[in-house]
Amino acid sequence: MTAPRSFALPFAVCCLGVALFSVMDAAMKGLSLSIGLFNALFWRALTGSLLGLALMLLTRQRWPNRAVLRLHLLRGAVVAVMASLFFWAIMRLPLAEAIALSFIAPLVALYLAALLLKEKIGRQAIGASLLGLVGVAVILSGRLRGDYDANALLGAGAVLISAVLFAWNLILQRQQAQLASPIEVAFFQHIVMFGLFALFALAAQWMPVLPAAPSWALIVLAATLAFASLAALAWAYARAEAQVLIPVEYTAFVWAAIIGWLAFGDRLTLTTVVGALLIVVGCLIASRTGSAESPHVESSIA
C-alpha cells in the first residue's frame with residue numbers, strides 16, 4: 001500500500017492548479033465583459049497555443065500516436081463547448097455561485113463512469129447524488145425568491161450543462177494524463193480549441209476583433225494561467241489517484257468568493273453557501289465508494 005506521504009507533492013501541485021484556474025476564471029470574466037465572449041475565447045486559445053508550441057519545441061516533446069491524438073481531439077472539442085457555456089454563464093452570475101453549481105460534475109461523472117467505463121454504482125453513490133441535487137435546488141432557490149432574474153437562471157442552466165460536459169472531460173483527463181506529458185496535454189487542448197473557434201468564425205462569417213492594447217494583458221494572463229493550471233493538474237493526476245485529489249477542487253469556491261468580491265463586488269448569499277456545502281458533502285460521500293476513476297471538478301475550466 002502506498003504511504004499517504006507519497007501523495008503530498010501531487011496534492012500540493014493540484015492545489016496550485018485549482019488556485020490558478022480560479023484566478024483565470026476571474027480574468028476571463030473580466031475579459032468577456034470587456035471584449036465579448038467569443039473574442040475572449042478565441043484570443044486566449046491562440047495565445048495558449050503559441051505558448052504551448054514554444055514549450056513543445058523547447059522541451060522537444062514527441063508527437064503523439066493516433067490513439068493519443070484522437071483522445072486530445074475529443075477532449076479539446078468537449079472542453080471548447082464546456083468552456084463556452086461556463087464563461088457565458090459567469091458573465092451573468094456571481095463567480096462563487098457558478099463555481100458552486102459546477103461542483104455537481106463529480107456526481108454526474110459517477111454515472112458517466114458507469115456508462116463509459118462499466119463501473120457499478122452503489123446505493124451510497126446514489127444517495128450522494130440526491131444530496132448534490134438538493135444542493136443545486138437550494139442555490140437556485142436564491143434566484144427564485146423575490147427577485148426573479150431570468151438571465152441569471154439561464155446562466156445557472158448553462159453552468160449545469162457545462163458541468164455534465166465537464167464530468168465527461170474529467171474521465172478523459174484521467175486517461176490523458178497517463179498517456180501524455182503535462183505540456184503536451186495543455187498544448188493540444190489549446191490548439192484544438194483554437195482550431196474549432198477559427199472554423200466557427202469562418203462558418204459564421206464572424207471574424208474576431210483585434211483587442212485594444214489594455215485587453216492583451218488580460219489575454220496573456222488568462223492564457224498563461226490556463227496553460228500552467230492544465231499542466232499542473234495533468235502532472236498531479238498522473239501521480240495520484242483521482243479520489244485523493246477530489247477534495248482539493250472545493251477550494252475553488254473559496255478562491256471564487258474572494259476574487260469575485262474583490263474584482264466584481266459579488267455578494268456571497270446564504271443559499272449559495274448552504275447549497276455548495278450540500279454538494280461538497282455529496283461529492284465526498286461519493287468519493288468514499290472506492291471508485292478509482294472518480295474525477296475532479298474544473299474550474300478551467302478550460
# chains A, B, ... in the order shown; residues from 1 in each chain; ligands from 1
>>> residues_around(residues="Val209 in chain A", least_positions_apart="5", cutoff="12 Å", atoms="only C-alpha atoms", output="list in words")
Ser34, Ile35, Gly36, Leu37, Phe38, Asn39, Ala40, Leu41, Phe42, Trp43, Ala201 and Ser215 of chain A
>>> write_last_selection(atoms="N, CA and C atoms", output="short mmCIF file (atom, residue, chain, number, x, y, z; two decimals), in the first residue's frame")
data_model
loop_
_atom_site.label_atom_id
_atom_site.label_comp_id
_atom_site.auth_asym_id
_atom_site.auth_seq_id
_atom_site.Cartn_x
_atom_site.Cartn_y
_atom_site.Cartn_z
N SER A 34 -15.56 42.81 -21.31
CA SER A 34 -14.98 43.98 -21.98
C SER A 34 -14.89 43.82 -23.50
N ILE A 35 -14.56 42.62 -24.00
CA ILE A 35 -14.39 42.46 -25.45
C ILE A 35 -15.34 41.43 -26.06
N GLY A 36 -16.19 40.81 -25.24
CA GLY A 36 -17.12 39.81 -25.76
C GLY A 36 -16.60 38.40 -25.55
N LEU A 37 -17.53 37.46 -25.37
CA LEU A 37 -17.15 36.08 -25.04
C LEU A 37 -16.33 35.42 -26.14
N PHE A 38 -16.81 35.51 -27.40
CA PHE A 38 -16.10 34.82 -28.48
C PHE A 38 -14.69 35.36 -28.65
N ASN A 39 -14.55 36.69 -28.62
CA ASN A 39 -13.21 37.28 -28.75
C ASN A 39 -12.29 36.81 -27.63
N ALA A 40 -12.82 36.77 -26.40
CA ALA A 40 -12.01 36.33 -25.26
C ALA A 40 -11.55 34.89 -25.44
N LEU A 41 -12.46 34.00 -25.83
CA LEU A 41 -12.12 32.60 -26.02
C LEU A 41 -11.13 32.42 -27.18
N PHE A 42 -11.37 33.11 -28.28
CA PHE A 42 -10.53 32.97 -29.47
C PHE A 42 -9.09 33.41 -29.20
N TRP A 43 -8.93 34.62 -28.66
CA TRP A 43 -7.57 35.13 -28.46
C TRP A 43 -6.84 34.42 -27.33
N ALA A 201 -15.70 30.73 -36.67
CA ALA A 201 -15.66 32.10 -37.17
C ALA A 201 -15.80 32.14 -38.69
N SER A 215 -6.42 45.18 -23.23
CA SER A 215 -7.03 43.85 -23.12
C SER A 215 -6.00 42.73 -23.29
#
>>> select_by_dssp(residues="range 67-245 of chain A", states="helix (DSSP H, G or I)", output="PyMOL selection string")
chain A and resi 67-90+95-102+105-117+123-144+150-177+182-204+213-237+242-245
>>> closest_residue(among="A:Gly282, A:Pro182, A:Gly17, A:Gly142", to="Thr251 in chain A", atoms="only C-alpha atoms")
A:Gly17
>>> residues_around(residues="Leu53 in chain A", least_positions_apart="4", cutoff="8 Å", atoms="only C-alpha atoms", output="number ranges by chain")
A: 49, 57, 187
>>> closest_atom_pairs(of="range 182-217 of chain A", to="range 81-88 of chain A", cutoff="12 Å", atoms="only C-alpha atoms", output="Markdown table")
| residue | atom | partner | partner_atom | distance |
| --- | --- | --- | --- | --- |
| A:Gln189 | CA | A:Ala83 | CA | 11.5 |
| A:His190 | CA | A:Ala83 | CA | 11.6 |
| A:Val192 | CA | A:Val81 | CA | 11.6 |
| A:Met193 | CA | A:Val81 | CA | 8.9 |
| A:Phe194 | CA | A:Val81 | CA | 11.9 |
| A:Leu196 | CA | A:Val81 | CA | 9.6 |
| A:Phe197 | CA | A:Val81 | CA | 10.0 |
| A:Phe200 | CA | A:Val81 | CA | 11.7 |
>>> write_last_selection(atoms="N, CA and C atoms", output="short mmCIF file (atom, residue, chain, number, x, y, z; two decimals), in the first residue's frame")
data_model
loop_
_atom_site.label_atom_id
_atom_site.label_comp_id
_atom_site.auth_asym_id
_atom_site.auth_seq_id
_atom_site.Cartn_x
_atom_site.Cartn_y
_atom_site.Cartn_z
N GLN A 189 -4.90 20.82 -25.93
CA GLN A 189 -6.21 21.35 -25.55
C GLN A 189 -6.39 22.76 -26.14
N HIS A 190 -5.35 23.57 -26.06
CA HIS A 190 -5.45 24.93 -26.60
C HIS A 190 -5.53 24.94 -28.13
N VAL A 192 -6.57 22.60 -30.23
CA VAL A 192 -7.84 22.07 -30.71
C VAL A 192 -8.95 23.10 -30.51
N MET A 193 -8.97 23.75 -29.36
CA MET A 193 -9.97 24.80 -29.11
C MET A 193 -9.81 25.94 -30.11
N PHE A 194 -8.58 26.36 -30.36
CA PHE A 194 -8.35 27.44 -31.32
C PHE A 194 -8.84 27.04 -32.71
N LEU A 196 -11.19 24.91 -33.52
CA LEU A 196 -12.65 24.89 -33.54
C LEU A 196 -13.24 26.30 -33.57
N PHE A 197 -12.67 27.20 -32.77
CA PHE A 197 -13.16 28.58 -32.77
C PHE A 197 -12.90 29.26 -34.11
N PHE A 200 -15.46 27.96 -36.56
CA PHE A 200 -16.75 28.58 -36.27
C PHE A 200 -16.80 30.00 -36.83
#
>>> atom_distance(atom1="CA of Val136 in chain A", atom2="CA of Ala105 in chain A")
11.4 Å
>>> atom_distance(atom1="CA of Gly265 in chain A", atom2="CA of Ala228 in chain A")
26.8 Å
>>> atom_distance(atom1="CA of Leu93 in chain A", atom2="CA of Leu277 in chain A")
18.5 Å
>>> residues_around(residues="Leu133 in chain A", least_positions_apart="3", cutoff="12 Å", atoms="only C-alpha atoms", output="list in words")
Ala100, Leu101, Ser102, Phe103, Ile104, Ala105, Pro106, Leu107, Val108, Ile126, Gly127, Ala128, Ser129, Leu130, Val136, Ala137, Val138, Ile139, Leu140, Leu160, Gly275, Ala276, Leu277, Leu278, Ile279, Val280, Val281, Gly282 and Cys283 of chain A
>>> residues_around(residues="range 10-13 of chain A", least_positions_apart="2", cutoff="8 Å", atoms="only C-alpha atoms", output="VMD selection string")
chain A and resid 7 to 8 15 to 17 232 to 233 235 to 237 239 to 240 244 to 245 248
>>> write_last_selection(atoms="C-alpha atoms", output="CSV table (one decimal), in the first residue's frame")
chain,number,residue,atom,x,y,z
A,7,PHE,CA,0.6,11.9,-2.3
A,8,ALA,CA,1.9,15.2,-0.6
A,15,CYS,CA,-3.9,22.9,-5.0
A,16,LEU,CA,-1.8,25.2,-7.1
A,17,GLY,CA,-3.6,24.2,-10.3
A,232,ALA,CA,-0.2,21.2,-13.1
A,233,LEU,CA,-3.4,19.2,-12.9
A,235,TRP,CA,1.1,16.2,-13.6
A,236,ALA,CA,-0.8,15.7,-10.4
A,237,TYR,CA,-3.4,13.3,-11.8
A,239,ARG,CA,0.9,10.6,-10.0
A,240,ALA,CA,-2.1,10.2,-7.6
A,244,VAL,CA,-7.2,11.5,-3.3
A,245,LEU,CA,-7.3,14.8,-5.2
A,248,VAL,CA,-8.8,19.9,-3.5
>>> closest_residue(among="A:Leu73, A:Ala177, A:Ile183, A:Ala167", to="Gln61 in chain A", atoms="only C-alpha atoms")
A:Ile183
>>> residues_around(residues="Ala19 in chain A", least_positions_apart="4", cutoff="12 Å", atoms="only C-alpha atoms", output="PyMOL selection string")
chain A and resi 12-15+23-26+225-226+228-230+232-233+248-256+258-259+298-301
>>> closest_residue(among="A:Ala98, A:Met28, A:Val79, A:Leu33", to="Leu153 in chain A", atoms="only C-alpha atoms")
A:Ala98
